[in-house]
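A.B. asks: If you scroll down you'll find the structure; I have some questions about it.
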Amino acid sequence: MAFDHTQRRWKISYSYPAPADAYWARDGLLENTTYLNNGEERLRHEEAAAIIAKQFRHEGPLTDVTVWQETPEERDQRMAARQRAEADEARGVHWAMGGAN
């Protein structure tokens, strides 16, 4: 079954311990925000965060876990960006061209 890109997608955000050399980390924590792609929104937030953290190889206790559905405006922005990218590719403009276009 193909994914319907026009639907509002679910997102997750969590904090995790930063490596010792991550001078940019606030309070020793880094944050990850990404989309849920495999139905993880049906799980408890902590379970979903554990699955996503494993995929990104984030280790340690996860804190500040939040799951939400994108707003219609966010969906519209995502769809517009996708349509622009598809139009660029149709014209032969590709992101990997390194400014050669």
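FYI, nothing fancy with the structure tokens labels: chains A, B, ... in order, residues from 1 per chain, ligands from 1 as they appear.
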DSSP on the backbone, then: every residue of chain A marked helix (DSSP H, G or I), written as a PyMOL selection string.
C.D. replies: chain A and resi 40-42+45-56+72-90+95-97
A.B. asks: Among chain A, which ones does DSSP place in strand (DSSP E or B), written as a PyMOL selection string?
C.D. replies: chain A and resi 10-17+26+29-35+63-69
A.B. asks: Using only C-alpha atoms, which residues sit within 10 Å of range 30-37 of chain A once same-chain residues fewer than 3 positions away are excluded, as a ChimeraX atom specification?
C.D. replies: /A:3,9-19,22,24-27,40-41,48-49,51-53,56,58,62-70
A.B. asks: Interatomic distance between CA of Arg75 in chain A and CA of Thr6 in chain A?
C.D. replies: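 Going from CA of Arg75 in chain A over to CA of Thr6 in chain A, I get 7.3 Å.
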A.B. asks: Between CA of Arg8 in chain A and CA of Gln77 in chain A, what is the distance in Å, rounded to a tenth?
C.D. replies: 11.2 Å
A.B. asks: Give me, please, the distance in Å between CA of Gly28 in chain A and CA of Arg44 in chain A, quoted to one decimal.
C.D. replies: 25.4 Å
